[in-house]
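Peer 1: So I've got this file, target-v9.txt, and it contains compact mmCIF, C-alpha atoms:
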```txt
# COMPACT_ATOMS: atom_id res chain seq x y z
CA MET A 1 -23.01 50.58 -92.63
CA ALA A 2 -24.17 48.51 -95.62
CA LEU A 3 -26.56 46.59 -93.40
CA ASN A 4 -28.06 49.85 -92.11
CA ASN A 5 -28.48 51.20 -95.64
CA THR A 6 -30.23 47.98 -96.68
CA TYR A 7 -32.50 48.17 -93.65
CA ASP A 8 -33.39 51.81 -94.37
CA ALA A 9 -34.05 51.00 -98.01
CA ARG A 10 -36.44 48.24 -97.04
CA LEU A 11 -38.33 50.57 -94.72
CA VAL A 12 -38.67 53.15 -97.47
CA GLN A 13 -39.86 50.54 -99.96
CA GLN A 14 -42.40 49.29 -97.44
CA GLU A 15 -43.99 52.75 -97.40
CA THR A 16 -44.46 52.73 -101.18
CA ALA A 17 -45.97 49.25 -100.96
CA LEU A 18 -48.31 50.47 -98.22
CA GLY A 19 -49.33 53.35 -100.48
CA ALA A 20 -50.18 50.90 -103.25
CA GLY A 21 -52.23 48.87 -100.79
CA VAL A 22 -54.16 51.95 -99.67
CA GLN A 23 -54.79 52.76 -103.32
CA VAL A 24 -56.33 49.34 -103.91
CA LEU A 25 -58.44 49.77 -100.77
CA LEU A 26 -59.72 53.14 -102.01
CA LEU A 27 -60.60 51.58 -105.37
CA ALA A 28 -62.48 48.82 -103.59
CA LEU A 29 -64.47 51.38 -101.59
CA ILE A 30 -65.28 53.39 -104.70
CA GLY A 31 -66.16 50.27 -106.65
CA THR A 32 -68.49 49.10 -103.91
CA ALA A 33 -70.14 52.50 -103.61
CA ILE A 34 -70.81 53.18 -107.30
CA GLY A 35 -70.49 49.78 -108.97
CA MET A 36 -67.39 50.78 -110.93
CA GLY A 37 -66.88 49.07 -114.27
CA PRO A 38 -63.78 47.36 -115.75
CA ALA A 39 -62.37 50.59 -117.24
CA GLY A 40 -62.31 52.26 -113.84
CA TRP A 41 -60.77 49.26 -112.12
CA LEU A 42 -58.09 48.75 -114.75
CA SER A 43 -57.16 52.43 -114.84
CA GLY A 44 -57.01 52.71 -111.07
CA LEU A 45 -54.93 49.56 -110.68
CA ALA A 46 -52.60 50.59 -113.52
CA PHE A 47 -52.07 53.93 -111.79
CA ALA A 48 -51.32 52.21 -108.46
CA ILE A 49 -48.81 49.79 -110.01
CA ALA A 50 -47.11 52.49 -112.08
CA THR A 51 -46.82 54.82 -109.09
CA TRP A 52 -45.36 52.07 -106.91
CA ALA A 53 -42.87 50.96 -109.58
CA VAL A 54 -41.65 54.42 -110.59
CA LEU A 55 -41.45 55.71 -107.03
CA SER A 56 -39.66 52.58 -105.79
CA ARG A 57 -37.05 52.90 -108.52
CA ALA A 58 -36.56 56.60 -107.83
CA LEU A 59 -36.15 55.97 -104.10
CA HIS A 60 -33.62 53.22 -104.77
CA ARG A 61 -31.58 55.53 -107.00
CA SER A 62 -31.74 58.47 -104.60
CA ARG A 63 -30.86 56.29 -101.57
CA LEU A 64 -33.04 58.28 -99.20
CA ARG A 65 -32.68 56.99 -95.65
CA SER A 66 -36.23 58.08 -94.76
CA PHE A 67 -39.36 58.50 -96.84
CA GLY A 68 -40.26 61.68 -94.97
CA ALA A 69 -43.50 63.26 -93.78
CA ALA A 70 -43.86 65.47 -96.87
CA ASN A 71 -43.55 62.50 -99.22
CA ARG A 72 -46.20 60.70 -97.18
CA VAL A 73 -48.56 63.61 -97.80
CA THR A 74 -47.76 63.51 -101.53
CA LEU A 75 -48.27 59.75 -101.59
CA GLY A 76 -51.66 60.23 -99.95
CA ARG A 77 -52.49 62.82 -102.58
CA ALA A 78 -51.38 60.40 -105.29
CA THR A 79 -53.79 57.84 -103.83
CA LEU A 80 -56.64 60.32 -104.24
CA VAL A 81 -55.50 61.07 -107.80
CA GLY A 82 -55.68 57.34 -108.49
CA GLY A 83 -59.28 57.39 -107.33
CA VAL A 84 -60.06 60.37 -109.56
CA THR A 85 -58.39 58.56 -112.47
CA ALA A 86 -60.62 55.54 -111.93
CA LEU A 87 -63.74 57.73 -111.80
CA VAL A 88 -62.81 59.55 -115.01
CA ALA A 89 -62.08 56.29 -116.82
CA ASP A 90 -65.39 54.87 -115.61
CA SER A 91 -67.20 58.03 -116.78
CA PHE A 92 -66.79 56.92 -120.40
CA GLN A 93 -69.43 54.28 -119.59
CA SER A 94 -71.49 56.03 -116.91
CA SER A 95 -71.25 59.39 -115.19
CA PRO A 96 -69.68 59.18 -111.71
CA PRO A 97 -71.37 60.81 -108.72
CA VAL A 98 -70.40 64.47 -108.95
CA SER A 99 -70.08 64.78 -105.18
CA LEU A 100 -67.54 61.95 -105.03
CA PHE A 101 -65.57 63.29 -107.99
CA VAL A 102 -65.51 66.81 -106.56
CA GLY A 103 -64.68 65.58 -103.06
CA LEU A 104 -61.66 63.48 -104.06
CA THR A 105 -60.34 66.15 -106.41
CA ALA A 106 -60.82 68.98 -103.93
CA VAL A 107 -58.95 67.19 -101.16
CA ALA A 108 -56.13 66.32 -103.58
CA LEU A 109 -55.86 69.99 -104.59
CA ILE A 110 -55.91 71.18 -100.98
CA LEU A 111 -53.14 68.75 -100.03
CA ASP A 112 -51.03 70.19 -102.84
CA GLY A 113 -50.31 73.14 -100.58
CA VAL A 114 -49.59 70.96 -97.54
CA ASP A 115 -46.69 68.74 -98.60
CA GLY A 116 -44.43 71.68 -99.47
CA LYS A 117 -45.09 73.36 -96.13
CA VAL A 118 -44.41 70.09 -94.30
CA ALA A 119 -41.12 69.64 -96.18
CA ARG A 120 -39.96 73.17 -95.35
CA ARG A 121 -41.07 72.97 -91.72
CA THR A 122 -39.36 69.63 -91.12
CA GLY A 123 -36.29 70.47 -93.21
CA THR A 124 -36.85 67.42 -95.43
CA SER A 125 -37.06 69.08 -98.87
CA THR A 126 -35.41 66.89 -101.51
CA PRO A 127 -35.21 66.95 -105.32
CA LEU A 128 -37.08 63.64 -105.37
CA GLY A 129 -39.88 65.04 -103.22
CA ALA A 130 -40.21 68.11 -105.44
CA ARG A 131 -40.30 65.95 -108.57
CA PHE A 132 -42.82 63.55 -107.03
CA ASP A 133 -45.06 66.48 -106.11
CA MET A 134 -44.79 67.96 -109.61
CA GLU A 135 -45.59 64.69 -111.38
CA VAL A 136 -48.67 64.08 -109.23
CA ASP A 137 -49.85 67.63 -109.98
CA ALA A 138 -49.28 67.21 -113.72
CA PHE A 139 -51.11 63.90 -113.90
CA LEU A 140 -54.10 65.24 -111.97
CA ILE A 141 -54.37 68.16 -114.40
CA LEU A 142 -54.18 65.72 -117.32
CA VAL A 143 -56.96 63.55 -115.87
CA LEU A 144 -59.16 66.56 -115.14
CA SER A 145 -58.64 67.89 -118.67
CA VAL A 146 -59.75 64.52 -120.07
CA TYR A 147 -62.89 64.66 -117.96
CA VAL A 148 -63.77 68.24 -118.91
CA SER A 149 -62.99 67.59 -122.60
CA MET A 150 -65.84 65.10 -122.76
CA GLU A 151 -68.22 68.02 -122.20
CA LEU A 152 -66.41 70.96 -123.81
CA GLY A 153 -64.39 69.36 -126.59
CA PRO A 154 -60.89 67.98 -127.24
CA TRP A 155 -59.25 71.43 -127.12
CA VAL A 156 -59.31 71.17 -123.31
CA LEU A 157 -56.73 68.38 -123.58
CA LEU A 158 -54.17 71.08 -124.39
CA ILE A 159 -54.29 72.07 -120.72
CA GLY A 160 -53.28 68.64 -119.47
CA GLY A 161 -50.92 67.87 -122.33
CA MET A 162 -48.92 71.10 -122.42
CA ARG A 163 -46.48 70.13 -119.70
CA TYR A 164 -45.79 66.76 -121.36
CA VAL A 165 -45.26 68.47 -124.72
CA PHE A 166 -42.75 70.77 -123.00
CA VAL A 167 -40.88 67.76 -121.56
CA ALA A 168 -40.81 66.09 -125.00
CA ALA A 169 -39.57 69.30 -126.61
CA ALA A 170 -36.74 69.47 -124.07
CA LYS A 171 -35.41 66.20 -125.52
CA VAL A 172 -34.92 68.01 -128.82
CA TRP A 173 -33.87 71.39 -127.41
CA PRO A 174 -31.90 70.76 -124.19
CA TRP A 175 -31.84 74.48 -123.37
CA LEU A 176 -35.44 74.07 -122.23
CA THR A 177 -34.16 72.13 -119.21
CA ALA A 178 -32.30 75.12 -117.76
CA ALA A 179 -33.39 76.30 -114.33
CA LEU A 180 -36.04 79.00 -114.31
CA PRO A 181 -36.02 81.87 -111.81
CA PRO A 182 -38.63 81.67 -109.04
CA SER A 183 -41.96 83.14 -110.10
CA THR A 184 -45.07 83.76 -108.05
CA ALA A 185 -47.06 84.16 -111.27
CA ARG A 186 -45.98 80.72 -112.50
CA LYS A 187 -46.95 79.10 -109.19
CA THR A 188 -50.30 80.90 -109.17
CA VAL A 189 -51.14 79.82 -112.73
CA ALA A 190 -50.16 76.22 -111.93
CA ALA A 191 -52.35 76.20 -108.82
CA LEU A 192 -55.30 77.70 -110.67
CA GLN A 193 -55.34 74.98 -113.34
CA GLY A 194 -56.76 72.32 -111.03
CA VAL A 195 -59.23 74.71 -109.42
CA LEU A 196 -60.56 76.00 -112.75
CA LEU A 197 -60.80 72.53 -114.28
CA LEU A 198 -62.62 71.23 -111.22
CA LEU A 199 -65.04 74.16 -111.43
CA ALA A 200 -65.64 73.47 -115.12
CA GLY A 201 -66.23 69.78 -114.44
CA ALA A 202 -68.34 70.10 -111.30
CA ASP A 203 -71.59 70.62 -113.23
CA LEU A 204 -72.40 73.75 -111.24
CA LEU A 205 -72.37 76.30 -114.06
CA PRO A 206 -74.06 76.53 -117.45
CA TYR A 207 -72.19 75.37 -120.55
CA ALA A 208 -71.07 78.86 -121.59
CA ALA A 209 -69.62 79.59 -118.16
CA ASN A 210 -67.80 76.25 -118.04
CA PHE A 211 -66.38 76.98 -121.50
CA ALA A 212 -65.16 80.39 -120.34
CA VAL A 213 -63.57 78.92 -117.20
CA ALA A 214 -61.69 76.27 -119.18
CA ALA A 215 -60.65 78.83 -121.79
CA LEU A 216 -59.32 81.06 -119.00
CA ALA A 217 -57.27 78.13 -117.65
CA LEU A 218 -55.81 77.45 -121.10
CA GLY A 219 -55.09 81.12 -121.74
CA LEU A 220 -53.24 81.52 -118.45
CA LEU A 221 -51.24 78.36 -119.10
CA VAL A 222 -50.25 79.42 -122.62
CA TRP A 223 -49.13 82.77 -121.24
CA SER A 224 -47.10 81.16 -118.43
CA PHE A 225 -45.41 78.58 -120.65
CA GLY A 226 -44.82 81.12 -123.38
CA ARG A 227 -43.16 83.54 -120.99
CA ASP A 228 -40.89 80.82 -119.59
CA VAL A 229 -39.93 79.46 -123.01
CA LEU A 230 -39.09 82.96 -124.22
CA TRP A 231 -36.94 83.58 -121.14
CA LEU A 232 -35.12 80.27 -121.62
CA TYR A 233 -34.54 81.00 -125.31
CA ARG A 234 -33.15 84.46 -124.66
CA THR A 235 -30.93 83.16 -121.87
CA HIS A 236 -29.66 80.40 -124.15
CA ARG A 237 -28.88 82.87 -126.94
CA THR A 238 -27.11 85.21 -124.53
CA SER A 239 -24.99 82.42 -123.00
CA ARG A 240 -23.96 81.22 -126.45
CA ALA A 241 -22.98 84.72 -127.49
CA GLU A 242 -20.82 85.07 -124.36
CA GLU A 243 -19.03 81.73 -124.80
CA PRO A 244 -15.26 82.09 -125.39
CA ALA A 245 -14.09 81.29 -128.91
CA THR A 246 -12.91 77.73 -129.51
CA ALA A 247 -9.41 76.96 -130.80
CA PRO A 248 -10.49 76.62 -134.49
CA GLN A 249 -12.37 79.90 -134.22
CA VAL A 250 -9.30 81.61 -132.74
CA ARG A 251 -7.14 80.34 -135.60
CA GLU A 252 -9.66 81.63 -138.14
CA LEU A 253 -9.65 85.05 -136.47
CA ILE A 254 -5.83 85.19 -136.48
CA ALA A 255 -5.62 84.07 -140.11
CA GLY A 256 -8.19 86.64 -141.11
```
Would you give me this structure, written as structure tokens?

Peer 2:
Amino acid sequence: MALNNTYDARLVQQETALGAGVQVLLLALIGTAIGMGPAGWLSGLAFAIATWAVLSRALHRSRLRSFGAANRVTLGRATLVGGVTALVADSFQSSPPVSLFVGLTAVALILDGVDGKVARRTGTSTPLGARFDMEVDAFLILVLSVYVSMELGPWVLLIGGMRYVFVAAAKVWPWLTAALPPSTARKTVAALQGVLLLLAGADLLPYAANFAVAALALGLLVWSFGRDVLWLYRTHRTSRAEEPATAPQVRELIAG
């Protein structure tokens, strides 16, 4: 049995290594096509290495016997996000071709709705797959917000940074990590972030319209996060109020 587990682990790790190799190949194609500078190359390679390292460690800890079709779709989407990351980093020196930027981002956003369906259809949904999907989504939104902020101002960074601020806040207030009830509104707002940011960054609309689109994305996100935080806070307060009294508290009540 141990030999089989080792063999399965090696197969899974090979898939992550293949994903890193495809990422490097995509960077080479982009670099050849647009003459990408050092910032783009370094950012793209850093993304590929970080994705491979973090995913490999997570797979080792989860002991998945198969990488799964859904995770392959997410890994492909992560490869596209790495290409978008390289283009955005390179845009600090020279503007990338809008068609290439829009194309990579659009495909990555479209695939966001594919991996979940594949996981449900094949019965291969796992906590690791859901977390992998969420982290790829969050990083793409962060990268897009950086790109759009260069045109509209640093306030757009709030869109990409809000999720990471929430995660940091959960380290201080653990009640923020409680499970949230399913919400179609939350899913819709999350899906719209990438679409609205891509629209604002695609250079199709005048400045005022792009500003309004990005502001709409931020407003929806603030509403969604605010609603969830309020629900978590109220649930936390209610659960604390319903907790049975501890032994010292019981003694104080009796003495009183």

Peer 1: Given only C-alpha atoms as the basis, pick out the residue of A:Val54, A:Ala89, A:Val73, A:Leu232 nearest to A:Leu42.

Peer 2: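 Once distances to A:Leu42 are computed over only C-alpha atoms, the minimum belongs to A:Ala89.
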
Peer 1: Could you list as JSON, numbers by chain every residue that has an atom within 12 Å of (-52.8, 70.7, -100.2), using the file's coordinates and counting all atoms listed in the file?

Peer 2: {"A": [70, 73, 74, 75, 76, 77, 78, 80, 105, 106, 107, 108, 109, 110, 111, 112, 113, 114, 115, 116, 117, 118, 133, 136, 137, 191, 194, 195]}

Peer 1: Find the distance between atom CA of A:Glu135 and atom CA of A:Gly153 and write it in Å to one decimal.

Peer 2: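 Answer for the atom CA of A:Glu135 to atom CA of A:Gly153 separation: 24.6 Å.
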
Peer 1: In Å to one decimal, how far is atom CA of A:Ile141 from atom CA of A:Ala53?

Peer 2: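 Going from atom CA of A:Ala53 over to atom CA of A:Ile141 covers 21.2 Å.
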
Peer 1: Which value, in Å to one decimal, gives the distance between atom CA of A:Val146 and atom CA of A:Phe225?

Peer 2: 20.1 Å

Peer 1: Give me, as an MDAnalysis selection string, all polymer residues having an atom no more than 9 Å from stretch 197-205 of chain A, counting only C-alpha atoms and skipping those fewer than 4 positions away in the same chain.

Peer 2: chainID A and resid 98:99 101:102 105:106 141 144:145 147:148 151 192:193 209:214 217

Peer 1: Check the smallest atom-to-atom distance from each of A:Thr16, A:Ser43, A:Thr124, A:Thr79 to A:His60 using all atoms listed in the file, then report the winner.

Peer 2: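 When distances to A:His60 are compared using all atoms listed in the file, the smallest one comes from A:Thr16.
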
Peer 1: Can you pull out the residues contacting A:Trp52? Cut-off 8 Å, using all atoms listed in the file, and skip same-chain residues under 4 positions away; I want them as a ChimeraX atom specification.

Peer 2: /A:16-17,19-20,48,56

Peer 1: With a distance cut-off of 12 Å and only C-alpha atoms, select the neighbouring residues of A:Thr235, excluding the residue or stretch itself and same-chain residues fewer than 5 positions from it, and output the selection as number ranges by chain.

Peer 2: A: 175-181, 228-230, 240-242

Peer 1: Mind listing whatever residues come within 12 Å of the point (-69.6, 55.9, -119.8)? Use only C-alpha atoms, file coordinates, and give them as a PyMOL selection string.

Peer 2: chain A and resi 36-40+86-96+147+150

Peer 1: In terms of the shortest atom-to-atom distance over all atoms listed in the file, which of A:Val167, A:Ala185, A:Ala50, A:Leu158 is closest to A:Val222?

Peer 2: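 Ranked by minimum distance to A:Val222, first place goes to A:Leu158.
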
Peer 1: For a quick check of understanding, using all atoms listed in the file, which of A:Arg186, A:Ser125, A:Trp173, A:Val84 has the smallest distance to A:Leu142?

Peer 2: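 Of all the options, A:Val84 lies closest to A:Leu142.
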